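Participant: To start, I am sharing the structure in question, which I have written as structure tokens.
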There are 2 protein chains.
Amino acid sequence: MIKIFIYIFAVIGLIMSGCDVQEEPQRQTEFGLVIHGGAGGITRDGFTPEQDAAYREALSVALQAGYDILKNGGSSLDAVEVAIRTMEDDSLFNAGRGAVFTSEGTNELDASIMDGKTLNAGAVAGVKRIKNPITLARLVMEESRHVLMAREGAEAFGLHYGIETVPEEYFFTQRRWRALQRAREREAVDDSRGTVGAVALDKEGNLTAGTSTGGMNNKRFGRIGDVPVIGAGTYANNKTCAVSATGHGEYFIRSVVAHDISALMEYKGMPLREAAEHVVAEKLPDLGGYGGIIAIDRFGNIAMPFTTAGMHRGYVLDDGEIVVKLYGDE
Amino acid sequence: MIKIFIYIFAVIGLIMSGCDVQEEPQRQTEFGLVIHGGAGGITRDGFTPEQDAAYREALSVALQAGYDILKNGGSSLDAVEVAIRTMEDDSLFNAGRGAVFTSEGTNELDASIMDGKTLNAGAVAGVKRIKNPITLARLVMEESRHVLMAREGAEAFGLHYGIETVPEEYFFTQRRWRALQRAREREAVDDSRGTVGAVALDKEGNLTAGTSTGGMNNKRFGRIGDVPVIGAGTYANNKTCAVSATGHGEYFIRSVVAHDISALMEYKGMPLREAAEHVVAEKLPDLGGYGGIIAIDRFGNIAMPFTTAGMHRGYVLDDGEIVVKLYGDE
């Protein structure tokens, strides 16, 4: 009789394990910041030692700037904004100063930010004279009744609030201009690597995600990629995680990548890393898409999957150790 | 001993019922089309009998046009496009001809379409001279390597493919011009009811969703709402459902409404109606958002939840009966 009851409980246990009954995980870190500087055909062979060092230094500077804010109890919003501003100001990345050119030889910048606590969000598309598009995206989030604003309308809104503008020549860099000429000659599109993004968890437990880009090299004017599309390139929700993406934007829009990772966690109980891997390494390639994402969940777990040769990336947790990687595993 | 085994099986059954084990539902109809003409403060008292009849007639005409295609084995893409074009050409709706005005007195139109079979999608934002923005969205989906194109760039792309353009005056209607003046005087924003959308299931089992709008009355120029944001205002996936939304777009972007309904079905096994109700009537109001959606799933089940007083809406299934409603339940 006792044996039979043991058997019953074993059967119950076996069946229960197939249900979504999970233990609540522990917080892994008091706070954390993960950043990316774009995914693409990034290999050690393609970089001089000087270039390798320059990218590592630039990523470290951005991480340190965000870390200082989080360490001192600042918000994940502030940390994400400052980390992205730092990369926008560095011509190494395809965002802000180092933006790629459209097929018409102009620079059209996109950015977005999302607050996981309130699910408030702001995004701008196709701005041409804003030094730091991520700051304009935050202004749209905090000061307008809109979420997404484009081109002259977005700029006019920012000017009203005194945002810093620059002449269009500010975005002229020889490297990106040559990339446009090469793309025109080949009539092909570069991978335009260098989109930047940041996700952070602060001491209060609030998550933020942000992304900024110059878009796709040689893109048709008027093309908007995944970056200003909330749910595609950027998503944050305190219930789950914060995600910023980089890659072939069209596929990220069609896959609603950032929100899909959050939905797999919320509705299917998938851990962050599994959800991120599933979307980036299985679902996106099924459509023909490639790229990568960075993410941090509400417990401070992080994920940085990508399907390109490399992705400029790094993170810092509450121990203050800055970790930066460029290629496959280093 | 037999009793104990019965007991074991009873326990197993009880526990299994708590898991997501569901029977595969049956196809409800060979094909189907659901449309909306916007959600808002729509009540019987606010309409003359003539207005009531005009809206019912306009929705019926759009449904009949789509039905004729589906009945003859046409694709859900064609049915959605034609149903939306019909409403764009009718000045009753805030899409195409009857678009509302921006705060600057211009008309800026948005539209999107998504193919649930391929997850391909096309969207346009802020176009000013395109007679049928839904057709331009489809052109972006089928003929460009991009998903989302804005303003002059989107128009230039369409012109290259010979899309029908109209002078900006085509979009001038006395009704919408007065609505702008009223909004300016009150410094408030109308609900801008009249966004149109369509979702369809064809005989092949393919789902399509599409949406078209003039945006928000008195909107700042450059504002982009949820309509061209794939995942927010429009989403289709043959695995789950096709969704088109109407309402306060900013909340629909932040909630990634259309993709969220699909994700609840795919990852949580929720039936269409439950998922749609949950997102529209529970999650959106938690943020302060209101509006409605129409949806059809791969079995032909439909849902049309809304949290406003009314929503212009209707559907037709394979029996050919056209059902049209404007207010709460009629």
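Ordering of the structure tokens sets the chain letters (A, B, ...), residue numbers begin anew at 1 in every chain, and ligands are numbered from 1 in the order given.
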Please report as a Markdown table every residue of chain A lying within 7 Å of chain B, along with the nearest atom pair and their distance in Å (one decimal), using only C-alpha atoms.
Facilitator:
| residue | atom | partner | partner_atom | distance |
| --- | --- | --- | --- | --- |
| A:Ile8 | CA | B:Ile8 | CA | 6.0 |
| A:Ile12 | CA | B:Ile12 | CA | 6.7 |
| A:Cys19 | CA | B:Cys19 | CA | 5.4 |
| A:Leu119 | CA | B:Arg254 | CA | 6.0 |
| A:Asn120 | CA | B:Arg254 | CA | 6.4 |
| A:Ala121 | CA | B:Arg254 | CA | 6.5 |
| A:His146 | CA | B:Glu250 | CA | 6.0 |
| A:Val147 | CA | B:Glu250 | CA | 5.7 |
| A:Leu148 | CA | B:Ile224 | CA | 5.3 |
| A:Met149 | CA | B:Arg223 | CA | 4.4 |
| A:Ala150 | CA | B:Gly222 | CA | 4.8 |
| A:Arg151 | CA | B:Gly222 | CA | 6.4 |
| A:Glu152 | CA | B:Gly222 | CA | 6.7 |
| A:Gly153 | CA | B:Gly222 | CA | 4.1 |
| A:Ala154 | CA | B:Gly222 | CA | 6.0 |
| A:Phe221 | CA | B:Gly153 | CA | 5.1 |
| A:Gly222 | CA | B:Gly153 | CA | 4.1 |
| A:Arg223 | CA | B:Met149 | CA | 4.4 |
| A:Ile224 | CA | B:Leu148 | CA | 5.3 |
| A:Gly225 | CA | B:Leu148 | CA | 6.8 |
| A:Val229 | CA | B:Val229 | CA | 6.3 |
| A:Ile230 | CA | B:Ile253 | CA | 6.6 |
| A:Gly231 | CA | B:Val256 | CA | 6.2 |
| A:Glu250 | CA | B:Val147 | CA | 5.7 |
| A:Ile253 | CA | B:Ile230 | CA | 6.6 |
| A:Arg254 | CA | B:Leu119 | CA | 6.0 |
| A:Val256 | CA | B:Gly231 | CA | 6.2 |
| A:Ala263 | CA | B:Ala263 | CA | 6.4 |
| A:Leu264 | CA | B:Tyr267 | CA | 6.7 |
| A:Tyr267 | CA | B:Lys268 | CA | 5.5 |
| A:Lys268 | CA | B:Tyr267 | CA | 5.5 |
Participant: Could you pull out all residues of region 222-305 of chain A with a DSSP call of alpha helix (DSSP H) and give them as a PDB file with N, CA, C and O atoms, in the first residue's frame?
Facilitator:
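Written file, part-v2.pdb:
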ATOM      1  N   GLY A 249      18.333  44.961 -40.089  1.00  0.00           N
ATOM      2  CA  GLY A 249      17.151  45.482 -39.416  1.00  0.00           C
ATOM      3  C   GLY A 249      15.821  44.968 -39.921  1.00  0.00           C
ATOM      4  O   GLY A 249      14.889  44.741 -39.143  1.00  0.00           O
ATOM      5  N   GLU A 250      15.701  44.782 -41.239  1.00  0.00           N
ATOM      6  CA  GLU A 250      14.427  44.349 -41.799  1.00  0.00           C
ATOM      7  C   GLU A 250      13.968  43.026 -41.168  1.00  0.00           C
ATOM      8  O   GLU A 250      12.788  42.846 -40.872  1.00  0.00           O
ATOM      9  N   TYR A 251      14.900  42.112 -40.970  1.00  0.00           N
ATOM     10  CA  TYR A 251      14.532  40.826 -40.383  1.00  0.00           C
ATOM     11  C   TYR A 251      14.163  40.979 -38.907  1.00  0.00           C
ATOM     12  O   TYR A 251      13.323  40.243 -38.392  1.00  0.00           O
ATOM     13  N   PHE A 252      14.799  41.935 -38.255  1.00  0.00           N
ATOM     14  CA  PHE A 252      14.498  42.162 -36.838  1.00  0.00           C
ATOM     15  C   PHE A 252      13.100  42.753 -36.666  1.00  0.00           C
ATOM     16  O   PHE A 252      12.418  42.477 -35.685  1.00  0.00           O
ATOM     17  N   ILE A 253      12.671  43.577 -37.648  1.00  0.00           N
ATOM     18  CA  ILE A 253      11.298  44.098 -37.600  1.00  0.00           C
ATOM     19  C   ILE A 253      10.311  42.958 -37.805  1.00  0.00           C
ATOM     20  O   ILE A 253       9.363  42.793 -37.036  1.00  0.00           O
ATOM     21  N   ARG A 254      10.524  42.170 -38.850  1.00  0.00           N
ATOM     22  CA  ARG A 254       9.582  41.100 -39.176  1.00  0.00           C
ATOM     23  C   ARG A 254       9.493  40.072 -38.053  1.00  0.00           C
ATOM     24  O   ARG A 254       8.447  39.445 -37.857  1.00  0.00           O
ATOM     25  N   VAL A 257      11.959  41.028 -32.807  1.00  0.00           N
ATOM     26  CA  VAL A 257      12.970  40.298 -32.047  1.00  0.00           C
ATOM     27  C   VAL A 257      12.976  40.619 -30.549  1.00  0.00           C
ATOM     28  O   VAL A 257      12.928  39.722 -29.705  1.00  0.00           O
ATOM     29  N   ALA A 258      13.057  41.892 -30.200  1.00  0.00           N
ATOM     30  CA  ALA A 258      13.245  42.250 -28.791  1.00  0.00           C
ATOM     31  C   ALA A 258      12.026  41.855 -27.956  1.00  0.00           C
ATOM     32  O   ALA A 258      12.161  41.297 -26.860  1.00  0.00           O
ATOM     33  N   HIS A 259      10.831  42.106 -28.497  1.00  0.00           N
ATOM     34  CA  HIS A 259       9.628  41.725 -27.753  1.00  0.00           C
ATOM     35  C   HIS A 259       9.442  40.220 -27.731  1.00  0.00           C
ATOM     36  O   HIS A 259       8.916  39.670 -26.749  1.00  0.00           O
ATOM     37  N   ASP A 260       9.888  39.534 -28.768  1.00  0.00           N
ATOM     38  CA  ASP A 260       9.735  38.081 -28.816  1.00  0.00           C
ATOM     39  C   ASP A 260      10.551  37.418 -27.703  1.00  0.00           C
ATOM     40  O   ASP A 260      10.088  36.454 -27.078  1.00  0.00           O
ATOM     41  N   ILE A 261      11.749  37.934 -27.458  1.00  0.00           N
ATOM     42  CA  ILE A 261      12.572  37.384 -26.377  1.00  0.00           C
ATOM     43  C   ILE A 261      11.860  37.589 -25.038  1.00  0.00           C
ATOM     44  O   ILE A 261      11.760  36.667 -24.220  1.00  0.00           O
ATOM     45  N   SER A 262      11.323  38.783 -24.833  1.00  0.00           N
ATOM     46  CA  SER A 262      10.582  39.061 -23.601  1.00  0.00           C
ATOM     47  C   SER A 262       9.361  38.153 -23.471  1.00  0.00           C
ATOM     48  O   SER A 262       9.066  37.622 -22.393  1.00  0.00           O
ATOM     49  N   ALA A 263       8.644  37.943 -24.571  1.00  0.00           N
ATOM     50  CA  ALA A 263       7.426  37.114 -24.544  1.00  0.00           C
ATOM     51  C   ALA A 263       7.746  35.653 -24.233  1.00  0.00           C
ATOM     52  O   ALA A 263       7.009  34.991 -23.499  1.00  0.00           O
ATOM     53  N   LEU A 264       8.857  35.154 -24.774  1.00  0.00           N
ATOM     54  CA  LEU A 264       9.248  33.769 -24.477  1.00  0.00           C
ATOM     55  C   LEU A 264       9.542  33.602 -22.993  1.00  0.00           C
ATOM     56  O   LEU A 264       9.252  32.561 -22.402  1.00  0.00           O
ATOM     57  N   MET A 265      10.126  34.635 -22.380  1.00  0.00           N
ATOM     58  CA  MET A 265      10.393  34.576 -20.944  1.00  0.00           C
ATOM     59  C   MET A 265       9.090  34.653 -20.153  1.00  0.00           C
ATOM     60  O   MET A 265       8.845  33.855 -19.250  1.00  0.00           O
ATOM     61  N   GLU A 266       8.242  35.633 -20.515  1.00  0.00           N
ATOM     62  CA  GLU A 266       7.035  35.872 -19.729  1.00  0.00           C
ATOM     63  C   GLU A 266       5.992  34.765 -19.894  1.00  0.00           C
ATOM     64  O   GLU A 266       5.368  34.352 -18.919  1.00  0.00           O
ATOM     65  N   TYR A 267       5.809  34.312 -21.124  1.00  0.00           N
ATOM     66  CA  TYR A 267       4.699  33.385 -21.379  1.00  0.00           C
ATOM     67  C   TYR A 267       5.115  31.920 -21.379  1.00  0.00           C
ATOM     68  O   TYR A 267       4.289  31.044 -21.193  1.00  0.00           O
ATOM     69  N   LYS A 268       6.409  31.673 -21.642  1.00  0.00           N
ATOM     70  CA  LYS A 268       6.847  30.282 -21.732  1.00  0.00           C
ATOM     71  C   LYS A 268       7.797  29.918 -20.598  1.00  0.00           C
ATOM     72  O   LYS A 268       8.215  28.766 -20.496  1.00  0.00           O
ATOM     73  N   LEU A 272      16.472  33.780 -19.717  1.00  0.00           N
ATOM     74  CA  LEU A 272      16.912  34.805 -20.670  1.00  0.00           C
ATOM     75  C   LEU A 272      17.793  34.232 -21.772  1.00  0.00           C
ATOM     76  O   LEU A 272      17.572  34.471 -22.959  1.00  0.00           O
ATOM     77  N   ARG A 273      18.820  33.489 -21.355  1.00  0.00           N
ATOM     78  CA  ARG A 273      19.807  33.078 -22.348  1.00  0.00           C
ATOM     79  C   ARG A 273      19.194  32.149 -23.395  1.00  0.00           C
ATOM     80  O   ARG A 273      19.467  32.267 -24.584  1.00  0.00           O
ATOM     81  N   GLU A 274      18.336  31.259 -22.933  1.00  0.00           N
ATOM     82  CA  GLU A 274      17.684  30.319 -23.848  1.00  0.00           C
ATOM     83  C   GLU A 274      16.768  31.063 -24.826  1.00  0.00           C
ATOM     84  O   GLU A 274      16.755  30.786 -26.028  1.00  0.00           O
ATOM     85  N   ALA A 275      16.006  32.029 -24.289  1.00  0.00           N
ATOM     86  CA  ALA A 275      15.093  32.802 -25.138  1.00  0.00           C
ATOM     87  C   ALA A 275      15.876  33.596 -26.184  1.00  0.00           C
ATOM     88  O   ALA A 275      15.518  33.626 -27.364  1.00  0.00           O
ATOM     89  N   ALA A 276      16.968  34.230 -25.746  1.00  0.00           N
ATOM     90  CA  ALA A 276      17.767  35.056 -26.653  1.00  0.00           C
ATOM     91  C   ALA A 276      18.411  34.198 -27.741  1.00  0.00           C
ATOM     92  O   ALA A 276      18.383  34.546 -28.931  1.00  0.00           O
ATOM     93  N   GLU A 277      18.962  33.066 -27.345  1.00  0.00           N
ATOM     94  CA  GLU A 277      19.582  32.144 -28.313  1.00  0.00           C
ATOM     95  C   GLU A 277      18.547  31.634 -29.310  1.00  0.00           C
ATOM     96  O   GLU A 277      18.804  31.557 -30.515  1.00  0.00           O
ATOM     97  N   LEU A 284      15.523  33.804 -36.306  1.00  0.00           N
ATOM     98  CA  LEU A 284      16.002  34.779 -37.294  1.00  0.00           C
ATOM     99  C   LEU A 284      16.633  34.101 -38.511  1.00  0.00           C
ATOM    100  O   LEU A 284      16.302  34.446 -39.653  1.00  0.00           O
ATOM    101  N   PRO A 285      17.548  33.144 -38.305  1.00  0.00           N
ATOM    102  CA  PRO A 285      18.134  32.488 -39.481  1.00  0.00           C
ATOM    103  C   PRO A 285      17.093  31.776 -40.344  1.00  0.00           C
ATOM    104  O   PRO A 285      17.265  31.678 -41.562  1.00  0.00           O
ATOM    105  N   ASP A 286      16.005  31.295 -39.752  1.00  0.00           N
ATOM    106  CA  ASP A 286      14.943  30.673 -40.554  1.00  0.00           C
ATOM    107  C   ASP A 286      14.388  31.639 -41.590  1.00  0.00           C
ATOM    108  O   ASP A 286      13.949  31.238 -42.668  1.00  0.00           O
ATOM    109  N   LEU A 287      14.371  32.929 -41.247  1.00  0.00           N
ATOM    110  CA  LEU A 287      13.896  33.951 -42.190  1.00  0.00           C
ATOM    111  C   LEU A 287      15.004  34.412 -43.133  1.00  0.00           C
ATOM    112  O   LEU A 287      14.748  35.088 -44.122  1.00  0.00           O
TER     113      LEU A 287
END
Participant: According to DSSP computed on the backbone, where in region 103-208 of chain B is there strand (DSSP E or B)? Give the residues as a PDB file with N, CA and C atoms, in the first residue's frame.
Facilitator:
ATOM      1  N   LEU B 109       0.087  60.347 -44.152  1.00  0.00           N
ATOM      2  CA  LEU B 109      -0.579  59.049 -44.065  1.00  0.00           C
ATOM      3  C   LEU B 109       0.395  57.908 -43.779  1.00  0.00           C
ATOM      4  N   ASP B 110      -0.088  56.950 -42.986  1.00  0.00           N
ATOM      5  CA  ASP B 110       0.707  55.772 -42.632  1.00  0.00           C
ATOM      6  C   ASP B 110      -0.062  54.505 -43.020  1.00  0.00           C
ATOM      7  N   ALA B 111       0.657  53.449 -43.378  1.00  0.00           N
ATOM      8  CA  ALA B 111      -0.007  52.168 -43.648  1.00  0.00           C
ATOM      9  C   ALA B 111       0.987  51.031 -43.519  1.00  0.00           C
ATOM     10  N   SER B 112       0.466  49.831 -43.316  1.00  0.00           N
ATOM     11  CA  SER B 112       1.337  48.656 -43.254  1.00  0.00           C
ATOM     12  C   SER B 112       0.568  47.402 -43.624  1.00  0.00           C
ATOM     13  N   ILE B 113       1.317  46.403 -44.042  1.00  0.00           N
ATOM     14  CA  ILE B 113       0.719  45.115 -44.398  1.00  0.00           C
ATOM     15  C   ILE B 113       1.711  44.012 -44.049  1.00  0.00           C
ATOM     16  N   MET B 114       1.202  42.862 -43.616  1.00  0.00           N
ATOM     17  CA  MET B 114       2.095  41.745 -43.268  1.00  0.00           C
ATOM     18  C   MET B 114       1.491  40.434 -43.756  1.00  0.00           C
ATOM     19  N   ASP B 115       2.369  39.624 -44.324  1.00  0.00           N
ATOM     20  CA  ASP B 115       2.018  38.328 -44.898  1.00  0.00           C
ATOM     21  C   ASP B 115       2.383  37.246 -43.876  1.00  0.00           C
ATOM     22  N   ASN B 120       6.844  38.328 -44.247  1.00  0.00           N
ATOM     23  CA  ASN B 120       7.301  39.512 -44.942  1.00  0.00           C
ATOM     24  C   ASN B 120       6.341  40.657 -44.604  1.00  0.00           C
ATOM     25  N   ALA B 121       6.857  41.882 -44.636  1.00  0.00           N
ATOM     26  CA  ALA B 121       6.028  43.016 -44.237  1.00  0.00           C
ATOM     27  C   ALA B 121       6.487  44.269 -44.956  1.00  0.00           C
ATOM     28  N   GLY B 122       5.552  45.200 -45.123  1.00  0.00           N
ATOM     29  CA  GLY B 122       5.882  46.491 -45.718  1.00  0.00           C
ATOM     30  C   GLY B 122       5.099  47.578 -45.006  1.00  0.00           C
ATOM     31  N   ALA B 123       5.723  48.753 -44.869  1.00  0.00           N
ATOM     32  CA  ALA B 123       5.047  49.838 -44.164  1.00  0.00           C
ATOM     33  C   ALA B 123       5.561  51.173 -44.677  1.00  0.00           C
ATOM     34  N   VAL B 124       4.675  52.165 -44.674  1.00  0.00           N
ATOM     35  CA  VAL B 124       5.068  53.523 -45.055  1.00  0.00           C
ATOM     36  C   VAL B 124       4.568  54.490 -44.001  1.00  0.00           C
ATOM     37  N   ALA B 125       5.331  55.557 -43.813  1.00  0.00           N
ATOM     38  CA  ALA B 125       4.980  56.545 -42.789  1.00  0.00           C
ATOM     39  C   ALA B 125       5.105  57.947 -43.367  1.00  0.00           C
ATOM     40  N   GLY B 126       4.095  58.776 -43.098  1.00  0.00           N
ATOM     41  CA  GLY B 126       4.182  60.192 -43.446  1.00  0.00           C
ATOM     42  C   GLY B 126       4.170  60.490 -44.925  1.00  0.00           C
ATOM     43  N   VAL B 127       3.448  59.693 -45.709  1.00  0.00           N
ATOM     44  CA  VAL B 127       3.364  60.021 -47.136  1.00  0.00           C
ATOM     45  C   VAL B 127       2.217  61.002 -47.370  1.00  0.00           C
ATOM     46  N   ILE B 130       0.209  59.961 -51.924  1.00  0.00           N
ATOM     47  CA  ILE B 130      -0.108  58.615 -52.411  1.00  0.00           C
ATOM     48  C   ILE B 130      -1.597  58.349 -52.178  1.00  0.00           C
ATOM     49  N   LEU B 148      10.229  49.288 -43.810  1.00  0.00           N
ATOM     50  CA  LEU B 148       9.586  50.544 -43.426  1.00  0.00           C
ATOM     51  C   LEU B 148      10.257  51.712 -44.139  1.00  0.00           C
ATOM     52  N   MET B 149       9.464  52.493 -44.866  1.00  0.00           N
ATOM     53  CA  MET B 149      10.004  53.663 -45.554  1.00  0.00           C
ATOM     54  C   MET B 149       9.151  54.877 -45.227  1.00  0.00           C
ATOM     55  N   ALA B 150       9.813  56.041 -45.089  1.00  0.00           N
ATOM     56  CA  ALA B 150       9.098  57.232 -44.645  1.00  0.00           C
ATOM     57  C   ALA B 150       9.115  58.337 -45.691  1.00  0.00           C
ATOM     58  N   THR B 165      -0.542  58.742 -57.719  1.00  0.00           N
ATOM     59  CA  THR B 165      -0.404  59.873 -56.803  1.00  0.00           C
ATOM     60  C   THR B 165      -1.552  60.848 -57.024  1.00  0.00           C
ATOM     61  N   VAL B 196      -8.460  52.556 -40.583  1.00  0.00           N
ATOM     62  CA  VAL B 196      -9.080  51.356 -41.132  1.00  0.00           C
ATOM     63  C   VAL B 196      -8.101  50.182 -41.106  1.00  0.00           C
ATOM     64  N   GLY B 197      -8.659  48.981 -41.078  1.00  0.00           N
ATOM     65  CA  GLY B 197      -7.807  47.803 -41.072  1.00  0.00           C
ATOM     66  C   GLY B 197      -8.563  46.592 -41.564  1.00  0.00           C
ATOM     67  N   ALA B 198      -7.821  45.576 -41.958  1.00  0.00           N
ATOM     68  CA  ALA B 198      -8.439  44.334 -42.409  1.00  0.00           C
ATOM     69  C   ALA B 198      -7.526  43.162 -42.093  1.00  0.00           C
ATOM     70  N   VAL B 199      -8.127  42.031 -41.756  1.00  0.00           N
ATOM     71  CA  VAL B 199      -7.383  40.782 -41.556  1.00  0.00           C
ATOM     72  C   VAL B 199      -8.146  39.691 -42.291  1.00  0.00           C
ATOM     73  N   ALA B 200      -7.405  38.783 -42.894  1.00  0.00           N
ATOM     74  CA  ALA B 200      -8.089  37.747 -43.672  1.00  0.00           C
ATOM     75  C   ALA B 200      -7.371  36.415 -43.611  1.00  0.00           C
ATOM     76  N   LEU B 201      -8.178  35.363 -43.755  1.00  0.00           N
ATOM     77  CA  LEU B 201      -7.701  33.981 -43.903  1.00  0.00           C
ATOM     78  C   LEU B 201      -8.217  33.501 -45.258  1.00  0.00           C
ATOM     79  N   LEU B 207      -2.713  33.812 -43.721  1.00  0.00           N
ATOM     80  CA  LEU B 207      -3.238  34.970 -43.004  1.00  0.00           C
ATOM     81  C   LEU B 207      -2.528  36.242 -43.456  1.00  0.00           C
ATOM     82  N   THR B 208      -3.283  37.341 -43.547  1.00  0.00           N
ATOM     83  CA  THR B 208      -2.702  38.658 -43.832  1.00  0.00           C
ATOM     84  C   THR B 208      -3.367  39.692 -42.933  1.00  0.00           C
TER      85      THR B 208
END
Participant: So which residues touch region 76-82 of chain A within 10 Å, counting only C-alpha atoms, skipping near sequence neighbours fewer than 4 positions away, as an NGL selection string?
Facilitator: :A and (31-35 or 62-71 or 86-88 or 113-116 or 132-135 or 137-138 or 197-211)
Participant: Calculate how many Å separate CA of Tyr55 (chain B) from CA of Glu104 (chain B), rounding to one decimal.
Facilitator: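 Computed distance, CA of Tyr55 (chain B) to CA of Glu104 (chain B), equals 28.5 Å.
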Participant: Applying 10 Å and only C-alpha atoms, which residues near region 309-312 of chain A remain after dropping the ones on its own chain fewer than 4 positions away? List them as a PyMOL selection string.
Facilitator: chain A and resi 35-44+55-56+59+93+193-196+246-247+291-294+304-305+324-330
Participant: What does the structure give for the distance between CA of Thr102 (chain A) and CA of Gln181 (chain A), in Å to one decimal?
Facilitator: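 Taking CA of Thr102 (chain A) as the start and CA of Gln181 (chain A) as the end point, the length is 10.8 Å.
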Participant: Identify which of the residues A:Lys131, A:Arg175, A:Glu30, A:Ile163 lies closest to Leu92 (chain A), counting only C-alpha atoms when measuring atom-to-atom distances.
Facilitator: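 Distance minimum relative to Leu92 (chain A) lands on A:Arg175.
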Participant: What lies within 12 Å of Asn217 (chain B) using only C-alpha atoms, ignoring chain neighbours under 6 positions off, as an MDAnalysis selection string?
Facilitator: chainID B and resid 94:95 98:109 175:184 187:195 223 225 248
